[in-house]
>>> print(open('input.cif').read())   # mmCIF, C-alpha atoms
data_target
#
loop_
_atom_site.label_atom_id
_atom_site.label_comp_id
_atom_site.auth_asym_id
_atom_site.auth_seq_id
_atom_site.Cartn_x
_atom_site.Cartn_y
_atom_site.Cartn_z
CA MET A 1 22.94 9.30 7.06
CA ASN A 2 23.54 9.11 3.30
CA GLU A 3 23.14 11.79 0.63
CA ASN A 4 19.57 10.79 -0.23
CA GLU A 5 18.49 10.93 3.40
CA ASN A 6 20.13 14.37 3.74
CA SER A 7 18.18 15.56 0.68
CA SER A 8 14.91 14.29 2.15
CA CYS A 9 15.62 16.01 5.46
CA ALA A 10 16.42 19.28 3.70
CA LEU A 11 13.20 19.03 1.68
CA ALA A 12 11.19 18.30 4.82
CA HIS A 13 12.45 21.52 6.38
CA GLN A 14 11.59 23.52 3.24
CA ILE A 15 7.94 22.42 3.22
CA ASP A 16 6.10 24.03 6.12
CA ASN A 17 2.51 24.08 4.85
CA TRP A 18 0.59 21.05 3.60
CA ASN A 19 -1.77 23.21 1.56
CA HIS A 20 1.11 24.74 -0.41
CA ILE A 21 2.56 21.44 -1.62
CA VAL A 22 2.94 21.31 -5.40
CA TRP A 23 1.46 17.85 -5.93
CA ARG A 24 2.29 17.76 -9.61
CA LYS A 25 5.97 17.93 -8.70
CA VAL A 26 5.55 15.29 -5.97
CA ILE A 27 3.87 12.87 -8.38
CA GLN A 28 6.46 13.47 -11.10
CA ARG A 29 9.35 12.70 -8.74
CA VAL A 30 7.73 9.54 -7.41
CA ASN A 31 6.69 8.33 -10.87
CA ARG A 32 10.25 8.86 -12.13
CA LEU A 33 11.61 6.52 -9.46
CA GLN A 34 8.83 4.02 -10.08
CA ARG A 35 9.63 3.93 -13.81
CA ARG A 36 13.27 3.23 -12.99
CA ILE A 37 12.19 0.31 -10.78
CA ALA A 38 9.94 -1.09 -13.52
CA LYS A 39 12.75 -0.77 -16.08
CA ALA A 40 15.20 -2.58 -13.79
CA VAL A 41 12.66 -5.39 -13.24
CA LYS A 42 12.09 -5.77 -17.00
CA GLU A 43 15.85 -6.02 -17.50
CA LYS A 44 16.03 -8.49 -14.58
CA ARG A 45 18.49 -6.29 -12.76
CA TRP A 46 17.21 -7.37 -9.37
CA GLY A 47 19.95 -5.71 -7.34
CA LYS A 48 19.27 -2.32 -8.91
CA ALA A 49 15.52 -2.77 -8.52
CA LYS A 50 15.96 -3.56 -4.82
CA ALA A 51 18.23 -0.54 -4.33
CA LEU A 52 15.73 1.76 -6.04
CA MET A 53 12.88 0.36 -3.94
CA HIS A 54 14.90 1.16 -0.83
CA LEU A 55 15.60 4.65 -2.21
CA ILE A 56 11.92 5.42 -2.80
CA THR A 57 11.05 4.53 0.80
CA LYS A 58 13.55 7.22 1.87
CA SER A 59 12.14 9.83 -0.51
CA PHE A 60 10.23 12.63 1.20
CA TYR A 61 8.13 13.03 -1.96
CA ALA A 62 7.02 9.40 -1.61
CA LYS A 63 6.28 9.94 2.07
CA LEU A 64 4.07 12.92 1.26
CA LEU A 65 2.21 10.89 -1.34
CA ALA A 66 1.78 7.97 1.08
CA VAL A 67 0.21 10.22 3.72
CA PHE A 68 -2.02 11.82 1.08
CA ARG A 69 -3.29 8.42 -0.12
CA VAL A 70 -4.12 7.31 3.41
CA ASP A 71 -5.90 10.57 4.16
CA ARG A 72 -7.96 10.40 0.93
CA ASN A 73 -8.76 6.72 1.33
CA LYS A 74 -12.36 5.76 2.10
CA GLY A 75 -11.39 4.82 5.67
CA GLY A 76 -9.11 7.82 6.14
CA LYS A 77 -11.15 9.11 9.07
CA THR A 78 -11.34 5.77 10.88
CA PRO A 79 -8.88 5.61 13.79
CA GLY A 80 -6.87 2.63 14.98
CA VAL A 81 -6.21 1.56 18.57
CA ASP A 82 -4.62 4.92 19.39
CA ASN A 83 -7.89 6.68 18.44
CA LYS A 84 -5.97 9.28 16.43
CA ILE A 85 -6.75 10.74 13.02
CA TRP A 86 -5.18 13.56 11.03
CA THR A 87 -7.44 16.58 11.39
CA ASN A 88 -5.36 19.25 9.64
CA GLY A 89 -2.41 19.88 7.34
CA TYR A 90 0.04 20.14 10.23
CA ASP A 91 -0.83 16.60 11.41
CA LYS A 92 -0.30 15.25 7.88
CA LEU A 93 3.02 17.02 7.43
CA VAL A 94 4.28 15.73 10.77
CA ALA A 95 3.14 12.21 9.83
CA ALA A 96 5.16 12.39 6.60
CA ILE A 97 8.28 13.68 8.38
CA ASN A 98 8.04 10.89 10.97
CA LEU A 99 7.85 8.05 8.44
CA LYS A 100 11.20 6.51 9.34
CA THR A 101 12.35 2.91 9.28
CA ARG A 102 14.77 3.22 12.18
CA GLY A 103 13.00 2.51 15.45
CA TYR A 104 9.68 1.85 13.73
CA ALA A 105 7.25 -0.33 15.70
CA PRO A 106 3.66 -0.76 14.48
CA LYS A 107 0.80 -0.73 16.95
CA PRO A 108 -1.68 -3.63 17.17
CA LEU A 109 -4.70 -3.48 14.89
CA ARG A 110 -8.21 -2.61 16.05
CA ARG A 111 -10.52 -5.56 15.35
CA ILE A 112 -14.13 -4.88 14.46
CA TYR A 113 -16.77 -6.98 12.69
CA ILE A 114 -18.91 -5.87 9.76
CA PRO A 115 -22.07 -7.66 8.55
CA LYS A 116 -22.01 -9.78 5.37
CA LYS A 117 -24.91 -10.35 2.97
CA ASN A 118 -25.43 -13.89 4.30
CA GLY A 119 -25.98 -12.62 7.83
CA LYS A 120 -22.54 -13.56 9.10
CA LYS A 121 -19.89 -11.07 10.16
CA ARG A 122 -16.49 -10.47 8.59
CA PRO A 123 -13.56 -9.43 10.77
CA LEU A 124 -11.92 -6.16 9.83
CA SER A 125 -8.55 -5.16 11.29
CA ILE A 126 -7.79 -1.44 11.32
CA PRO A 127 -4.20 -0.19 11.62
CA CYS A 128 -3.33 3.20 13.08
CA MET A 129 -2.96 6.11 10.67
CA ASP A 130 0.83 6.17 10.94
CA ASP A 131 1.06 2.43 10.23
CA ARG A 132 -1.22 2.82 7.22
CA ALA A 133 1.08 5.54 5.92
CA MET A 134 4.14 3.31 6.34
CA GLN A 135 2.33 0.51 4.49
CA ALA A 136 1.34 2.93 1.72
CA LEU A 137 4.96 4.10 1.42
CA HIS A 138 6.23 0.56 0.91
CA MET A 139 3.36 -0.16 -1.46
CA ILE A 140 4.54 2.76 -3.60
CA ALA A 141 7.94 1.05 -3.77
CA LEU A 142 6.53 -2.42 -4.42
CA ALA A 143 3.87 -1.49 -7.00
CA PRO A 144 6.22 -1.07 -10.02
CA MET A 145 7.71 -4.53 -9.50
CA ALA A 146 4.33 -6.13 -8.83
CA GLU A 147 2.69 -4.51 -11.86
CA THR A 148 5.60 -5.41 -14.13
CA MET A 149 5.62 -9.07 -13.10
CA ALA A 150 1.88 -9.63 -12.65
CA ASP A 151 -0.32 -11.62 -15.01
CA PRO A 152 -1.44 -9.26 -17.81
CA ASN A 153 -5.02 -10.49 -17.47
CA SER A 154 -5.45 -10.24 -13.71
CA TYR A 155 -7.65 -7.41 -12.48
CA GLY A 156 -8.21 -7.80 -8.73
CA PHE A 157 -6.50 -5.22 -6.50
CA ARG A 158 -4.66 -3.71 -9.48
CA GLU A 159 -4.04 0.00 -9.91
CA LYS A 160 -5.90 1.66 -12.79
CA ARG A 161 -7.84 -1.54 -13.53
CA SER A 162 -11.54 -2.05 -12.98
CA CYS A 163 -14.32 -4.58 -13.31
CA ALA A 164 -15.11 -3.04 -16.70
CA ASP A 165 -11.60 -3.91 -17.92
CA ALA A 166 -12.11 -7.54 -16.86
CA ILE A 167 -15.48 -7.66 -18.66
CA ALA A 168 -13.91 -6.26 -21.82
CA GLN A 169 -11.16 -8.90 -21.74
CA CYS A 170 -13.71 -11.66 -21.19
CA PHE A 171 -15.61 -10.45 -24.25
CA LEU A 172 -12.47 -10.45 -26.39
CA ILE A 173 -11.60 -14.05 -25.57
CA LEU A 174 -15.16 -15.43 -25.57
CA CYS A 175 -16.69 -13.73 -28.62
CA ARG A 176 -15.05 -15.97 -31.23
CA LYS A 177 -16.59 -19.16 -32.61
CA ASN A 178 -13.60 -21.25 -31.54
CA CYS A 179 -13.38 -19.76 -28.05
CA ALA A 180 -13.55 -21.71 -24.79
CA GLN A 181 -16.97 -23.16 -23.95
CA TRP A 182 -16.63 -23.12 -20.19
CA VAL A 183 -15.78 -20.53 -17.54
CA PHE A 184 -14.20 -21.82 -14.34
CA GLU A 185 -15.03 -19.91 -11.18
CA ALA A 186 -13.29 -20.55 -7.86
CA ASP A 187 -13.14 -18.97 -4.46
CA ILE A 188 -10.34 -19.65 -1.96
CA LYS A 189 -11.95 -20.20 1.41
CA ALA A 190 -10.71 -17.75 4.07
CA CYS A 191 -7.87 -16.72 1.75
CA PHE A 192 -6.69 -13.67 3.69
CA ASP A 193 -7.18 -15.39 7.05
CA GLU A 194 -5.06 -18.43 6.17
CA ILE A 195 -2.09 -16.97 4.27
CA ASP A 196 1.15 -18.36 5.66
CA HIS A 197 3.46 -15.72 7.14
CA GLN A 198 6.63 -17.56 6.14
CA TRP A 199 5.52 -17.65 2.50
CA ILE A 200 4.91 -13.89 2.55
CA LEU A 201 8.28 -13.19 4.16
CA LYS A 202 10.03 -15.38 1.59
CA TYR A 203 8.41 -14.09 -1.58
CA VAL A 204 7.28 -10.48 -1.02
CA PRO A 205 10.29 -8.20 -1.77
CA VAL A 206 9.68 -5.66 0.99
CA ASN A 207 11.89 -4.76 3.96
CA LYS A 208 11.70 -8.08 5.84
CA SER A 209 12.07 -6.55 9.29
CA ILE A 210 9.15 -4.17 8.81
CA LEU A 211 7.06 -6.79 7.00
CA LYS A 212 7.48 -9.21 9.90
CA LYS A 213 6.47 -6.50 12.38
CA TRP A 214 3.27 -5.88 10.42
CA LEU A 215 2.43 -9.57 10.28
CA LYS A 216 3.10 -10.13 13.98
CA ALA A 217 1.59 -6.88 15.32
CA GLY A 218 -1.46 -8.66 16.76
CA TYR A 219 -4.91 -7.17 17.20
CA ILE A 220 -6.97 -5.76 20.05
CA GLN A 221 -10.55 -6.89 20.55
CA LYS A 222 -12.64 -5.84 23.54
CA GLY A 223 -9.55 -4.59 25.33
CA ARG A 224 -7.55 -7.81 24.90
CA LEU A 225 -4.43 -8.28 22.79
CA PHE A 226 -4.41 -11.34 20.53
CA PRO A 227 -1.42 -12.60 18.51
CA THR A 228 -1.53 -12.93 14.72
CA LEU A 229 0.04 -16.28 13.88
CA LYS A 230 -1.20 -16.44 10.30
CA GLY A 231 -3.22 -14.47 7.78
CA THR A 232 -3.19 -10.79 6.86
CA PRO A 233 -5.59 -7.93 7.65
CA GLN A 234 -8.29 -7.43 5.03
CA GLY A 235 -8.43 -4.05 3.39
CA THR A 236 -6.59 -2.17 0.65
CA LEU A 237 -5.28 1.27 -0.06
CA HIS A 238 -6.61 2.81 -3.23
CA LYS A 239 -4.77 5.43 -5.20
CA ALA A 240 -6.66 8.70 -5.18
CA GLU A 241 -7.62 9.96 -8.61
CA SER A 242 -7.51 13.66 -7.70
CA TYR A 243 -5.03 15.77 -5.81
CA PRO A 244 -5.51 18.96 -3.83
CA GLN A 245 -4.96 22.28 -5.51
CA SER A 246 -1.60 23.82 -4.72
CA SER A 247 -0.13 27.23 -5.22
#
>>> encode(input="input.cif", output="structure tokens")
Amino acid sequence: MNENENSSCALAHQIDNWNHIVWRKVIQRVNRLQRRIAKAVKEKRWGKAKALMHLITKSFYAKLLAVFRVDRNKGGKTPGVDNKIWTNGYDKLVAAINLKTRGYAPKPLRRIYIPKKNGKKRPLSIPCMDDRAMQALHMIALAPMAETMADPNSYGFREKRSCADAIAQCFLILCRKNCAQWVFEADIKACFDEIDHQWILKYVPVNKSILKKWLKAGYIQKGRLFPTLKGTPQGTLHKAESYPQSS
């Protein structure tokens, strides 16, 4: 166990009440590490960026924030195949303490179907709460790199960006007399369902062992376990805009 892991363990023992967490301090510590990752990416210091991403996944502050985001997410009270949800602060604190890479094995996803506007049904795969927290933790590490390298005018699934931002950008580039005369719209058929796992493993800079476990976890439908040979579960984690009051 290295010095950073010792620090996280010591911090975990100091915090014994979820409702007494000083979230301002948690956010500051996590943001500080995220800024260091973004700076390393801008300077193309890939080794340092990777090391800092690994460090943030070991940070107990980041683990607390990951659990908080999952709990405050719209589907935070929807259980996975283990039928478990976090009902109190103790459950959330234990979930944060148990977010460890060593020995981690995700459970299969719970497959349900939700109706679409055209009358068809869209498959929805629901991970267990603990797996969602682990995904949120690694998303906290990945976000600074993704945001730094992403197209400046992309708006889908981006933190702190909305449909209104996209509309404003469209106005700026289309309001001039010499602007483009055509708008090209495209939709990738079954995009999430057909994404190649090998491409994801090659290009997404996340712990490859854990990433592969997520991709190959399979799903349970009507009591049967099915393998996931391609595609990714549909659904996203959204950053909560407000944090609980702390003493």
>>> atom_distance(input="input.cif", atom1="atom CA of A:Val81", atom2="atom CA of A:Lys63")
22.3 Å
>>> resolve_selection(input="input.cif", expression="the PyMOL selection byres ((chain A and resi 229) around 12)", output="mmCIF file with C-alpha atoms, keeping the file's coordinate frame")
data_model
loop_
_atom_site.group_PDB
_atom_site.id
_atom_site.type_symbol
_atom_site.label_atom_id
_atom_site.label_comp_id
_atom_site.auth_asym_id
_atom_site.auth_seq_id
_atom_site.Cartn_x
_atom_site.Cartn_y
_atom_site.Cartn_z
ATOM 1 C CA ASP A 193 -7.180 -15.390 7.050
ATOM 2 C CA GLU A 194 -5.060 -18.430 6.170
ATOM 3 C CA ILE A 195 -2.090 -16.970 4.270
ATOM 4 C CA ASP A 196 1.150 -18.360 5.660
ATOM 5 C CA HIS A 197 3.460 -15.720 7.140
ATOM 6 C CA GLN A 198 6.630 -17.560 6.140
ATOM 7 C CA LYS A 212 7.480 -9.210 9.900
ATOM 8 C CA LYS A 213 6.470 -6.500 12.380
ATOM 9 C CA TRP A 214 3.270 -5.880 10.420
ATOM 10 C CA LEU A 215 2.430 -9.570 10.280
ATOM 11 C CA LYS A 216 3.100 -10.130 13.980
ATOM 12 C CA ALA A 217 1.590 -6.880 15.320
ATOM 13 C CA GLY A 218 -1.460 -8.660 16.760
ATOM 14 C CA TYR A 219 -4.910 -7.170 17.200
ATOM 15 C CA PHE A 226 -4.410 -11.340 20.530
ATOM 16 C CA PRO A 227 -1.420 -12.600 18.510
ATOM 17 C CA THR A 228 -1.530 -12.930 14.720
ATOM 18 C CA LYS A 230 -1.200 -16.440 10.300
ATOM 19 C CA GLY A 231 -3.220 -14.470 7.780
ATOM 20 C CA THR A 232 -3.190 -10.790 6.860
ATOM 21 C CA PRO A 233 -5.590 -7.930 7.650
#
>>> closest_residue(input="input.cif", among="A:Arg32, A:Arg132, A:Arg176, A:Lys25", to="A:Pro106", atoms="only C-alpha atoms")
A:Arg132
>>> closest_residue(input="input.cif", among="A:Met129, A:Met134, A:Ala62, A:Ile167", to="A:Trp86", atoms="all atoms listed in the file")
A:Met129
>>> axis_aligned_box(input="input.cif", around="stretch 186-199 of chain A", padding_each_side="6 Å", output="lines of an AutoDock Vina configuration file")
center_x = -3.3
center_y = -17.1
center_z = -0.4
size_x = 31.9
size_y = 18.9
size_z = 27.0
>>> closest_residue(input="input.cif", among="A:Lys44, A:Arg29, A:Arg111, A:Arg35", to="A:Leu124", atoms="only C-alpha atoms")
A:Arg111
>>> atom_distance(input="input.cif", atom1="atom CA of A:Gln34", atom2="atom CA of A:Pro144")
5.7 Å
>>> closest_residue(input="input.cif", among="A:Lys117, A:Lys58, A:Lys177, A:Arg69", to="A:Ile97", atoms="all atoms listed in the file")
A:Lys58
>>> atom_distance(input="input.cif", atom1="atom CA of A:Asp131", atom2="atom CA of A:Ala105")
8.7 Å
>>> resolve_selection(input="input.cif", expression="the PyMOL selection byres ((chain A and resi 205) around 12)", output="number ranges by chain")
A: 46-47, 49-51, 53-54, 138-139, 141-146, 199-204, 206-211
>>> write_last_selection(input="input.cif", atoms="C-alpha atoms", output="compact mmCIF listing (two decimals), in the frame of the given file")
# COMPACT_ATOMS: atom_id res chain seq x y z
CA TRP A 46 17.21 -7.37 -9.37
CA GLY A 47 19.95 -5.71 -7.34
CA ALA A 49 15.52 -2.77 -8.52
CA LYS A 50 15.96 -3.56 -4.82
CA ALA A 51 18.23 -0.54 -4.33
CA MET A 53 12.88 0.36 -3.94
CA HIS A 54 14.90 1.16 -0.83
CA HIS A 138 6.23 0.56 0.91
CA MET A 139 3.36 -0.16 -1.46
CA ALA A 141 7.94 1.05 -3.77
CA LEU A 142 6.53 -2.42 -4.42
CA ALA A 143 3.87 -1.49 -7.00
CA PRO A 144 6.22 -1.07 -10.02
CA MET A 145 7.71 -4.53 -9.50
CA ALA A 146 4.33 -6.13 -8.83
CA TRP A 199 5.52 -17.65 2.50
CA ILE A 200 4.91 -13.89 2.55
CA LEU A 201 8.28 -13.19 4.16
CA LYS A 202 10.03 -15.38 1.59
CA TYR A 203 8.41 -14.09 -1.58
CA VAL A 204 7.28 -10.48 -1.02
CA VAL A 206 9.68 -5.66 0.99
CA ASN A 207 11.89 -4.76 3.96
CA LYS A 208 11.70 -8.08 5.84
CA SER A 209 12.07 -6.55 9.29
CA ILE A 210 9.15 -4.17 8.81
CA LEU A 211 7.06 -6.79 7.00
>>> residues_around(input="input.cif", residues="A:Asp130", least_positions_apart="4", cutoff="9 Å", atoms="only C-alpha atoms", output="PDB file with C-alpha atoms, in the frame of the given file")
ATOM      1  CA  VAL A  67       0.210  10.220   3.720  1.00  0.00           C
ATOM      2  CA  ALA A  95       3.140  12.210   9.830  1.00  0.00           C
ATOM      3  CA  ALA A  96       5.160  12.390   6.600  1.00  0.00           C
ATOM      4  CA  ASN A  98       8.040  10.890  10.970  1.00  0.00           C
ATOM      5  CA  LEU A  99       7.850   8.050   8.440  1.00  0.00           C
ATOM      6  CA  PRO A 106       3.660  -0.760  14.480  1.00  0.00           C
ATOM      7  CA  MET A 134       4.140   3.310   6.340  1.00  0.00           C
ATOM      8  CA  GLN A 135       2.330   0.510   4.490  1.00  0.00           C
TER       9      GLN A 135
END
>>> closest_residue(input="input.cif", among="A:Lys189, A:Lys222, A:Lys100, A:Lys77", to="A:Tyr113", atoms="all atoms listed in the file")
A:Lys222
>>> closest_residue(input="input.cif", among="A:Ile21, A:Leu65, A:Lys48, A:Lys107", to="A:Leu225", atoms="all atoms listed in the file")
A:Lys107
>>> residues_around(input="input.cif", residues="stretch 151-156 of chain A", least_positions_apart="3", cutoff="7 Å", atoms="only C-alpha atoms", output="number ranges by chain")
A: 161-162, 166
>>> residues_near_point(input="input.cif", point="(-1.0, 21.6, 10.4)", cutoff="12 Å", atoms="all atoms listed in the file", output="PyMOL selection string")
chain A and resi 15-20+86-96
